[in-house]
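Reading through the structure tokens given below for one structure.
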Amino acid sequence: MGVKGVIGSYAAIGDSFTEGVGDPGPDGTFVGWADRFAVLLADQLPDPHAATGLTASRHGDFRYANLAVRGRLLDQIVEEQVPRAKELAPDLVSFCAGGNDILRPGSDPDDVAERLERAVAELAGAVGTVMITTGFDPRHMPVLRHLRGKIATYTAHVRSIADRYDCPVLDLWSLRSVQDRRAWDDDRLHLSPEGHTRVALRAAQVLGIDVPADPDQPWPPQALRRPFDDRRDDIHWAREYLVPWIGRRLRGESSGDHVEAKRPDLLPL
């Protein structure tokens, strides 16, 4: 599974993970792994000014769009973002979707995967390369670890879809470094800035790009935590994040209501 030619343009589609929630930028918007990955991609472009001796940035020749919006379900991504990605026709599209569907009670990972495959087939015929993304292994995550079987089933489907359509796979299940709590934001649903950085590095590795650091390098040692510390943090998390999240589900609300894509066009970095 490889990339078809030089990557001069990249569009990211998906939900909060790809929008970059948990990795706030200085201007109030989120950064996230896809933005960081785009910089790594831009660094790979040949320098058009090498023969002249000028030192202008190569990033001006690279174009990037991020169509992802937090809270989006797979069908919403297929309806809103896939047509736009086809219209932009970049060299590379990253497609991460289905996670919010899998989290919903009663959802069927086999059904979600069938709908994902139809979208991948549609994209694969319209853009250069489609990179698809597995789920994380939630074994150490409160609440989500009870969904590990569903997430594992969906992840197996994603790998199979990748095989059928010759897609590179950003395999997050095997990224061991994100099992550390420091890879996650306080809400335990979104990555921290360091977690997003490690995913960006892994994405670059998937495409055969040399990266400045190992995404799976060990975390530095930290002070020993007492059981009381974990219980206190769990109570705080449930009150501040879990209860409001459940409330939104019961009211049929989404964190992405009234939110638009932060970068809807292919623009230079």
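Residue numbering restarts at 1 for every chain of the structure tokens, chains are lettered A, B, ... in their displayed order, and ligands are numbered from 1 as they appear.
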
Please return, as number ranges by chain, all residues of stretch 36-242 of chain A that DSSP assigns to strand (DSSP E) on the basis of the backbone.
A: 63-66, 92-95, 129-133, 169-170

Using the selection just defined, write its residues with all heavy atoms as a tab-separated table (two decimals), in the first residue's frame.
```tsv
chain	number	residue	atom	x	y	z
A	63	ARG	N	-0.57	22.68	-0.36
A	63	ARG	CA	-1.91	23.16	-0.04
A	63	ARG	C	-2.63	22.15	0.85
A	63	ARG	O	-2.51	20.94	0.65
A	63	ARG	CB	-2.70	23.39	-1.33
A	63	ARG	CG	-2.12	24.50	-2.21
A	63	ARG	CD	-2.83	24.59	-3.55
A	63	ARG	NE	-2.74	23.35	-4.28
A	63	ARG	CZ	-3.76	22.74	-4.89
A	63	ARG	NH1	-4.97	23.28	-4.85
A	63	ARG	NH2	-3.59	21.62	-5.55
A	64	TYR	N	-3.40	22.69	1.79
A	64	TYR	CA	-4.00	21.85	2.83
A	64	TYR	C	-5.39	22.35	3.18
A	64	TYR	O	-5.61	23.56	3.32
A	64	TYR	CB	-3.09	21.86	4.07
A	64	TYR	CG	-3.71	21.33	5.33
A	64	TYR	CD1	-4.26	20.04	5.39
A	64	TYR	CD2	-3.74	22.10	6.49
A	64	TYR	CE1	-4.82	19.56	6.56
A	64	TYR	CE2	-4.28	21.63	7.67
A	64	TYR	CZ	-4.82	20.35	7.70
A	64	TYR	OH	-5.38	19.88	8.87
A	65	ALA	N	-6.34	21.41	3.31
A	65	ALA	CA	-7.70	21.71	3.78
A	65	ALA	C	-8.03	20.78	4.92
A	65	ALA	O	-7.64	19.60	4.92
A	65	ALA	CB	-8.71	21.52	2.64
A	66	ASN	N	-8.75	21.29	5.91
A	66	ASN	CA	-9.25	20.45	7.01
A	66	ASN	C	-10.76	20.65	7.09
A	66	ASN	O	-11.24	21.71	7.49
A	66	ASN	CB	-8.58	20.81	8.33
A	66	ASN	CG	-8.89	19.80	9.43
A	66	ASN	OD1	-10.03	19.36	9.58
A	66	ASN	ND2	-7.88	19.43	10.19
A	92	LEU	N	-3.81	13.61	-1.45
A	92	LEU	CA	-4.02	12.73	-0.30
A	92	LEU	C	-5.23	13.18	0.49
A	92	LEU	O	-5.42	14.38	0.72
A	92	LEU	CB	-2.79	12.75	0.62
A	92	LEU	CG	-2.90	11.98	1.94
A	92	LEU	CD1	-2.97	10.47	1.70
A	92	LEU	CD2	-1.74	12.33	2.87
A	93	VAL	N	-6.07	12.23	0.90
A	93	VAL	CA	-7.16	12.48	1.84
A	93	VAL	C	-6.99	11.55	3.02
A	93	VAL	O	-6.78	10.34	2.84
A	93	VAL	CB	-8.54	12.24	1.19
A	93	VAL	CG1	-9.65	12.25	2.24
A	93	VAL	CG2	-8.83	13.29	0.13
A	94	SER	N	-7.04	12.08	4.23
A	94	SER	CA	-7.13	11.22	5.42
A	94	SER	C	-8.61	11.15	5.82
A	94	SER	O	-9.30	12.16	5.86
A	94	SER	CB	-6.28	11.75	6.56
A	94	SER	OG	-6.72	13.02	7.01
A	95	PHE	N	-9.06	9.93	6.09
A	95	PHE	CA	-10.49	9.69	6.34
A	95	PHE	C	-10.60	8.92	7.65
A	95	PHE	O	-10.29	7.74	7.72
A	95	PHE	CB	-11.05	8.87	5.17
A	95	PHE	CG	-12.55	8.71	5.17
A	95	PHE	CD1	-13.36	9.31	6.11
A	95	PHE	CD2	-13.17	7.94	4.19
A	95	PHE	CE1	-14.74	9.16	6.10
A	95	PHE	CE2	-14.54	7.77	4.15
A	95	PHE	CZ	-15.32	8.39	5.11
A	129	THR	N	-4.77	9.46	-3.13
A	129	THR	CA	-4.63	8.39	-2.15
A	129	THR	C	-5.57	8.66	-0.99
A	129	THR	O	-5.71	9.82	-0.56
A	129	THR	CB	-3.18	8.30	-1.63
A	129	THR	OG1	-2.31	7.98	-2.72
A	129	THR	CG2	-3.04	7.24	-0.55
A	130	VAL	N	-6.18	7.61	-0.46
A	130	VAL	CA	-7.03	7.72	0.73
A	130	VAL	C	-6.36	6.97	1.87
A	130	VAL	O	-6.14	5.75	1.76
A	130	VAL	CB	-8.44	7.15	0.49
A	130	VAL	CG1	-9.29	7.30	1.75
A	130	VAL	CG2	-9.12	7.83	-0.69
A	131	MET	N	-6.01	7.66	2.93
A	131	MET	CA	-5.47	7.03	4.13
A	131	MET	C	-6.59	6.92	5.15
A	131	MET	O	-7.21	7.92	5.52
A	131	MET	CB	-4.32	7.86	4.72
A	131	MET	CG	-3.71	7.25	5.97
A	131	MET	SD	-2.22	8.12	6.55
A	131	MET	CE	-2.93	9.67	7.10
A	132	ILE	N	-6.87	5.70	5.60
A	132	ILE	CA	-7.95	5.52	6.57
A	132	ILE	C	-7.36	5.16	7.93
A	132	ILE	O	-6.21	4.70	8.03
A	132	ILE	CB	-8.99	4.49	6.11
A	132	ILE	CG1	-8.36	3.14	5.79
A	132	ILE	CG2	-9.73	5.02	4.89
A	132	ILE	CD1	-9.39	2.10	5.37
A	133	THR	N	-8.16	5.36	8.97
A	133	THR	CA	-7.66	5.35	10.33
A	133	THR	C	-8.43	4.37	11.20
A	133	THR	O	-9.66	4.36	11.19
A	133	THR	CB	-7.79	6.77	10.93
A	133	THR	OG1	-7.19	7.70	10.04
A	133	THR	CG2	-7.11	6.86	12.28
A	169	VAL	N	-2.88	2.73	6.04
A	169	VAL	CA	-3.66	2.67	7.29
A	169	VAL	C	-2.90	3.38	8.40
A	169	VAL	O	-1.76	3.01	8.73
A	169	VAL	CB	-3.94	1.22	7.71
A	169	VAL	CG1	-4.75	1.21	9.01
A	169	VAL	CG2	-4.67	0.47	6.62
A	170	LEU	N	-3.53	4.38	8.97
A	170	LEU	CA	-3.02	5.00	10.19
A	170	LEU	C	-3.55	4.16	11.35
A	170	LEU	O	-4.68	4.34	11.80
A	170	LEU	CB	-3.49	6.46	10.28
A	170	LEU	CG	-3.13	7.24	11.55
A	170	LEU	CD1	-1.64	7.16	11.85
A	170	LEU	CD2	-3.59	8.68	11.43
```

Using backbone DSSP assignments, extract all helix (DSSP H, G or I) residues from stretch 69-201 of chain A; output them as a ChimeraX atom specification.
/A:74-80,82-88,99-103,109-124,144-165,176-179,181-183,193-201

Just want the 8 Å neighbourhood of stretch 7-15 of chain A, counted on only C-alpha atoms, with same-chain residues fewer than 2 positions away dropped. Output as number ranges by chain.
A: 5, 17-19, 34, 38, 41-42, 45, 61-73, 77, 81-82, 85, 90-97, 266

Put those residues in a file: N, CA and C atoms, as a compact mmCIF listing (two decimals), in the first residue's frame.
```txt
# COMPACT_ATOMS: atom_id res chain seq x y z
N GLY A 5 2.51 8.96 -6.13
CA GLY A 5 3.23 10.16 -6.53
C GLY A 5 3.53 11.11 -5.39
N PHE A 17 -11.57 14.38 16.40
CA PHE A 17 -10.20 13.88 16.40
C PHE A 17 -9.38 14.57 15.31
N THR A 18 -9.94 14.67 14.12
CA THR A 18 -9.22 15.27 13.00
C THR A 18 -9.30 16.79 13.02
N GLU A 19 -10.37 17.34 13.59
CA GLU A 19 -10.43 18.80 13.75
C GLU A 19 -9.33 19.26 14.69
N ALA A 34 -3.79 16.46 12.29
CA ALA A 34 -3.83 16.65 10.83
C ALA A 34 -3.06 17.91 10.43
N ALA A 38 0.24 17.87 8.17
CA ALA A 38 0.36 18.67 6.95
C ALA A 38 1.72 19.36 6.88
N LEU A 41 4.24 16.85 5.81
CA LEU A 41 4.11 16.59 4.38
C LEU A 41 4.74 17.72 3.57
N ALA A 42 4.47 18.95 3.98
CA ALA A 42 5.00 20.10 3.25
C ALA A 42 6.53 20.11 3.26
N LEU A 45 8.35 18.38 0.25
CA LEU A 45 8.34 18.88 -1.13
C LEU A 45 9.74 19.34 -1.55
N ASP A 61 4.16 26.08 -1.56
CA ASP A 61 3.78 25.23 -2.68
C ASP A 61 2.88 24.08 -2.25
N PHE A 62 2.69 23.93 -0.96
CA PHE A 62 1.86 22.84 -0.43
C PHE A 62 0.50 23.41 -0.03
N ARG A 63 -0.57 22.68 -0.36
CA ARG A 63 -1.91 23.16 -0.04
C ARG A 63 -2.63 22.15 0.85
N TYR A 64 -3.40 22.69 1.79
CA TYR A 64 -4.00 21.85 2.83
C TYR A 64 -5.39 22.35 3.18
N ALA A 65 -6.34 21.41 3.31
CA ALA A 65 -7.70 21.71 3.78
C ALA A 65 -8.03 20.78 4.92
N ASN A 66 -8.75 21.29 5.91
CA ASN A 66 -9.25 20.45 7.01
C ASN A 66 -10.76 20.65 7.09
N LEU A 67 -11.51 19.64 6.66
CA LEU A 67 -12.96 19.72 6.58
C LEU A 67 -13.65 19.14 7.81
N ALA A 68 -12.88 18.60 8.76
CA ALA A 68 -13.44 17.88 9.90
C ALA A 68 -14.20 18.81 10.83
N VAL A 69 -15.27 18.28 11.42
CA VAL A 69 -16.08 19.02 12.39
C VAL A 69 -16.42 18.09 13.55
N ARG A 70 -16.20 18.58 14.74
CA ARG A 70 -16.45 17.78 15.94
C ARG A 70 -17.89 17.26 15.99
N GLY A 71 -18.05 16.08 16.57
CA GLY A 71 -19.39 15.52 16.79
C GLY A 71 -20.02 14.86 15.58
N ARG A 72 -19.39 14.92 14.42
CA ARG A 72 -20.03 14.41 13.22
C ARG A 72 -20.06 12.88 13.21
N LEU A 73 -21.24 12.35 12.84
CA LEU A 73 -21.39 10.92 12.61
C LEU A 73 -20.94 10.57 11.19
N ILE A 77 -20.53 12.96 7.77
CA ILE A 77 -19.24 13.18 7.12
C ILE A 77 -19.33 12.83 5.64
N GLN A 81 -18.71 16.19 3.88
CA GLN A 81 -17.28 16.35 3.66
C GLN A 81 -16.74 15.57 2.46
N VAL A 82 -17.27 14.38 2.23
CA VAL A 82 -16.76 13.57 1.11
C VAL A 82 -16.96 14.28 -0.23
N ALA A 85 -14.32 16.93 -0.52
CA ALA A 85 -12.99 16.36 -0.75
C ALA A 85 -12.84 15.92 -2.20
N PRO A 90 -7.50 16.43 -3.88
CA PRO A 90 -6.10 16.55 -3.48
C PRO A 90 -5.33 15.25 -3.76
N ASP A 91 -4.03 15.34 -3.58
CA ASP A 91 -3.19 14.16 -3.75
C ASP A 91 -3.44 13.13 -2.64
N LEU A 92 -3.81 13.61 -1.45
CA LEU A 92 -4.02 12.73 -0.30
C LEU A 92 -5.23 13.18 0.49
N VAL A 93 -6.07 12.23 0.90
CA VAL A 93 -7.16 12.48 1.84
C VAL A 93 -6.99 11.55 3.02
N SER A 94 -7.04 12.08 4.23
CA SER A 94 -7.13 11.22 5.42
C SER A 94 -8.61 11.15 5.82
N PHE A 95 -9.06 9.93 6.09
CA PHE A 95 -10.49 9.69 6.34
C PHE A 95 -10.60 8.92 7.65
N CYS A 96 -11.03 9.64 8.68
CA CYS A 96 -11.25 9.01 9.99
C CYS A 96 -12.69 9.28 10.38
N ALA A 97 -13.51 8.24 10.44
CA ALA A 97 -14.92 8.42 10.74
C ALA A 97 -15.47 7.12 11.32
N LEU A 266 -8.37 24.30 -0.07
CA LEU A 266 -6.96 23.94 -0.15
C LEU A 266 -6.15 25.23 -0.22
```

All residues 7 Å or closer to stretch 147-160 of chain A, only C-alpha atoms, same chain fewer than 2 positions away omitted, as a VMD selection string
chain A and resid 102 109 to 110 113 134 to 135 137 to 139 144 to 145 162 to 164

Excluding stretch 177-182 of chain A and residues on its chain fewer than 3 positions from it, collect all residues at most 9 Å away from it, counting only C-alpha atoms, and give them as a ChimeraX atom specification.
/A:136-141,172,174,185,188,191-192,194-195,198-199,215-219

Nearest residue to A:Ser254 out of A:Val206, A:Glu79, A:Ala89, A:Asn100, using only C-alpha atoms?
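Answer, going by the shortest atom-to-atom distance: A:Asn100.
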
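With only C-alpha atoms as the basis for measurement, A:Asp186 is the residue among A:Glu117, A:Glu260, A:Asp186, A:Asp166 that approaches A:Trp237 most closely.
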